[in-house]
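Undergrad: So that we are looking at the same thing, I have put the structure below in C-alpha cells.
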Amino acid sequence: MSPRQLLLSAAALLALSAPAMAEDVAITNATVVIGDGSAPIPNGTVVLRGGKVLAAGAGVAVPAGARTIDASGKWVTPGLVVAVTDIGLFDVEGVEESNDERADKGPFNAALDLSPAINPLAQHIAVSRAGGVTRAAVAPLRTGAIFGGQGAIIDLASDGQPITQARAFQFVQLGEDGARSAGGSRAAVHAVLRNAFMEARELARRGGGQGADPRLQDAAPERPGDALLTRFDAAALVPVVTGRQPLYVRAERAADIRMALALKADFPALKMVIVGATEGWMIAKELAASGVPVLATPLNDLPANFEQLGATQSNVGRMAAAGVKVGLGAFGDQPRYAPQYAGNLVSLTKVPGATGLNWGQAFASISSVPAAILGMGDKFGSLKPGLAGDVVIWDGDPLENSSGVVRVMIDGVEQSLVNHLTKLRDRYKVPTEGALPKAYEW
Amino acid sequence: MRAPKLLAGIAALALAASPGLAEKKKKEETVSPAAKAAREFDKNPFPSTYKPYPGEPTALVGATVFDGAGGRIDNGTVLLADGKVVAVGGADLVIPANFRRIDAAGKFVTPGIIDIHSHLGDYPSPQVQALSDGNEATAPTTPEVWAEHSVWPQDPGFSRALANGGITSLQILPGSANLMGGRSVVLKNVYSRTIQGMKFPGAPYGLKMACGENPKRVYGSKGRMPSTRMGNIAVNRMTWMKASEYRAKRNAGKLETRDLGMETLAGVLDGEILIQNHCYRADEMALVLDMAKEFGYKVSAFHHATEAYKIGDLLKAAGTCSAIWADWWGFKMESYDAIPENAGILQKAGACVVIHSDDENGIQRLNQEAAKAQGDARRAGIDISDAEVIRWLTLNPATAMGINQQTGSLEKGKMADVVLWNGNPLSVYSRPDKVWIDGALLFDAADPKRRPVSDFELGQVGEGDVK
C-alpha cells in the first residue's frame, strides 16, 4: 500500500467505526420547520425513535428515556435534499484524474451506472453534510453524450454506505449540449432520442433487458442488423420506455421543454422530470397540465446562451404559481448553497413585479419537494412521522446568509461535521508557526 | 491608510528616478527625437467620455446608514446633490428645502457596491465563442493588451449587477491564462454606446497577473514555457528584468522605439499602474511578494487568494489586499484549502479584505457573499460588525483599485454612488430598492423604466422583465 492508500483506508476505518446507533432523541425549544411547505413553528419539539421521526411540532411530549437536546434559540429542519448534483463523482473537479463526471471517451452512455463511481468519503460529501445536506440525487450533470447514464439516490452519512437507490433514473441532455453530442443539431437530438427509444421498445418486445438490473443478460435476444445502440445501452433504456425508470430531461429553452413533453405522445409510458427549465415560466401552464415535475436551476437570470434568453429569477415562482411541482436542483455548484438559493426566492416576494416563494414553499423546494420528485417523498424530505430521522439544527434561520449548521443527524444517527476545511480552520485560527511547524498541529 | 502611502511611494520613485536638476537639463539636450517620443507618449489615448447623468437633490431620511468606512448611523440622513455626497448625518441633519425627500425608514443605505474582479463585457452573456474576448492566450506575457479593447458595452450582465447587486463600479480584468494578462479597466456601471463612455474618470490602470495552475496549464499544453510553477516565476522575473532595463533607458532618454507591453510594466514600476494578481496558494503569494520586492513594485491585491488566511501577517505587512470569495472551494487543486473563515481570519490579522465575484452571477450577490463570510467568522469566534463587513464591498475594493478618493464611502464630496436597500444588505431577504450613480437614479425597483435593457435584449424574449 502506498502511504496515500494507507491514509485513505485509515480514514475509512475511522468513519466506519463511528457509532452508528440511532438512539431516541428529543430536540426541544426550537423553531421547527416541518419542510412540507408549512410555516415554521416556534418553540416546538422533534422526537426521533429508531432512526425515524416519531413526532414534530408544537406540544409534542418528550418520551421517557430519550436523550434531550435543548435547542433554544435554534432552528430544526429536515435535512436538505439536493436533487441532481455531481458530488461524490470527483475529489477535485478540475483534477481530471479524480473526476468521474463524464465518460465521453467510452463506448457506453445510457448503460453507465454511476453508483460504483460515487465515493462516500469524498470531501465534497463531508463538506455538503456539514452544510446540512443529508440526501442527494447524483447525476451525470456534465455528460458528454445525449444519454448520461443512470443516476443514484444517496444519503450523505459517514458510514461509507451511500446508495439508497442505484440506477434511480436515466439522464438525457436536450438543447444545445444535447445537440453537440448528437451530431451538431437539435434535429439530430430528436432522431437519436427516438431511435434509441424505438430500439429499446423493440428490445423489450423481444423480451430482453427485463431484469431488475437493466444491464444486459448473456442470453440476450437478437436485434435487427441496423441497430445503432450498443447492447448495454439499448437494454438500459428498456426500463425508461416501459416507465419503470424515470427519465430526467435536461432542457432550458421553452421549445425544448415542449419537445420533451411531446415525446409522451409516442412513448406514453415515459416518466419524465424536466431538469434546468430556465424558460419553464414561459410554458408554465403546459407544464402544469402535463403533470411533469421540474427540478429547476434557481436564479438563472442571464441569457447565458441563446436557449436561455428568457432567463429570470422569477422562473421558479411563476411555475409554482401556475401549479407546476417545482423543486430546486441542477445548480452546478456546491450543494451547501441550496439554502441561499431558497432564501433568494423569498427575497423576490418583496421586489415589485417579481414572483418568488413564501418561506415555507422555499424551504420545501430544497427538502420535501425534491424528495417527492425523486419518488422518495414517503422516505425522507420532511419531519412527518415515519420518515427518516434526517435532522439539521441551525444557529438561526436556515435560509439566512449568516446562519450555519450546529448538528446533523441522518437516519437518527448524529454525524461528524469535521472535514478538511474545519481542520484547516482550527489549525490556522492562529496563523503564525509555534514551537513546531504547523504540520505538527493536528 | 493605503492611499497616502501609495502616493508617497510614487513620489519616492519619482525622486529616485530624477537626477539632479542640472544633470537633467544636460541629459534632455542629448535626448534624440525618437527617445523623446518613447518617453512622452500619450498615456491616455482612449480617454473616458463618461458623463454623470442628471440627478435631483435628494435626501434619504430615516435609514440605517453604513458609510462604507466602518461607520453606522441609525435613523440617518444622507444628502446627495450635483452628483456628490453633500452630507451624512443623523436625524438632526438639516435638509435643505429644495431636496426631494425619500422616506427610508426601515431601509438601509450603503455606498455603491464595487467589484474588483469582473469579466463582464469581455466574457459577456451569451457565452458564445464569438463574444469570448477575455484571454489573449497566445503568449505567456501580454502586458500590451488592454481589457477595455475587449469589453462589449452591451453585456446584459451589467444590468443584473446593478439591479440585484447594487454594483456601481467594477474593474474588468483580462483572464488568467497569462502570467501578465494585460491592463484592467475600471468602469462605472452605466450603459453607454462606447466603452470610453463607461470608463471611470481618473481611475488608474491595473495590470492583471496570474500565478499557478492556469498559465502553466495553458502554455505547458502548447509545449512551451512555462509548464511548471518554477517556469512561471522564471518568465515573470525575466520579463521584469527587461522592464527594469526599459525603464532605466527611458529615464536616461535612450529609447529609440515605443513598446506597448513595456510601457505597461514600466508604469507598474513607476507606481502608476496597480498590480491585480490572481494567486490562490499561500506559498505562491509569498514568492510573489518577494519578487515584487526584488523588482520594486507593490502588489495591490491578490485575487482569489483562497489561502490568504495562512499568511495574514505577511499580507498585512505588505499592505496587500486579499480579494476573495466567501466559500468557493474544491473546484481546482489550488482551491482545495479554501475555507469559509478566510475573510474572518484575515480581518482578525488586520489585513485588508475585499469580497470579489469573478462571476456574472456572483456579482449580483456580493452582499450575500460577505454575509456568509461574516457568519462563518462568527462561528469561529471572530465577531465583525455589519458596518465593517460592508467595507469589504465598498471602501476596501476602491482602495485596492486606486479610486478611494472618489468613491467607496459616503463622505462629503465623493461621488454620489449610493444604494438604498429594502432591508439589511447582509440579509438574504434584501434587495436594492434604488441605486444612484453620481447622483443619477439609475435603478428603481418600483419603476420598470429605471431598469436598463441592453441593445442585445431588445425585442427578445423577456425584454424588460424584472430579471
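Identifiers in this document derive from the order of the C-alpha cells: chains are assigned A, B, ..., residues are numbered from 1 separately in each chain, and ligands are numbered from 1 in order of occurrence.
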Please produce, as a Markdown table, a per-residue contact table for chain B versus chain A (criterion: any atom at most 6 Å away, only C-alpha atoms considered), showing the nearest atom pair and its distance in Å to one decimal, sorted by chain then residue number.

TA:
```
| residue | atom | partner | partner_atom | distance |
| --- | --- | --- | --- | --- |
| B:Ser125 | CA | A:Ala304 | CA | 5.0 |
| B:Pro126 | CA | A:Asn305 | CA | 4.4 |
| B:Gln127 | CA | A:Ala304 | CA | 5.7 |
| B:Lys310 | CA | A:Pro431 | CA | 5.6 |
| B:Gly330 | CA | A:Val92 | CA | 5.5 |
| B:Phe331 | CA | A:Glu93 | CA | 4.9 |
| B:Lys332 | CA | A:Gly94 | CA | 4.6 |
| B:Ile339 | CA | A:Leu421 | CA | 5.5 |
| B:Ala371 | CA | A:Ser402 | CA | 5.6 |
| B:Lys372 | CA | A:Ser402 | CA | 5.0 |
| B:Gly375 | CA | A:Ser402 | CA | 4.0 |
| B:Val428 | CA | A:Glu400 | CA | 5.5 |
| B:Tyr429 | CA | A:Ser347 | CA | 4.1 |
| B:Ser430 | CA | A:Ser347 | CA | 5.9 |
| B:Ala446 | CA | A:Pro352 | CA | 5.8 |
| B:Val461 | CA | A:Gly310 | CA | 5.1 |
| B:Gly462 | CA | A:Gly310 | CA | 4.9 |
| B:Val466 | CA | A:Ala354 | CA | 6.0 |
| B:Lys467 | CA | A:Thr312 | CA | 4.4 |
```

Undergrad: Might you pull out every residue within 12 Å of range 223-237 of chain A, with only C-alpha atoms counted and same-chain residues fewer than 5 positions away left off, and present them as an MDAnalysis selection string?

TA: chainID A and resid 106:113 145:150 167:172 191:218 242:247 270

Undergrad: Report the distance between CA of Phe200 in chain B and CA of Thr49 in chain B in Å, rounded to one decimal place.

TA: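 Those two atoms sit 9.0 Å apart.
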
Undergrad: My list of candidates is A:Thr68, A:Ser185, A:Asn43, A:Thr77. Which is closest to Ile27 in chain A when distances are computed with only C-alpha atoms?

TA: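 Among A:Thr68, A:Ser185, A:Asn43, A:Thr77, it is A:Thr68 that comes nearest to Ile27 in chain A.
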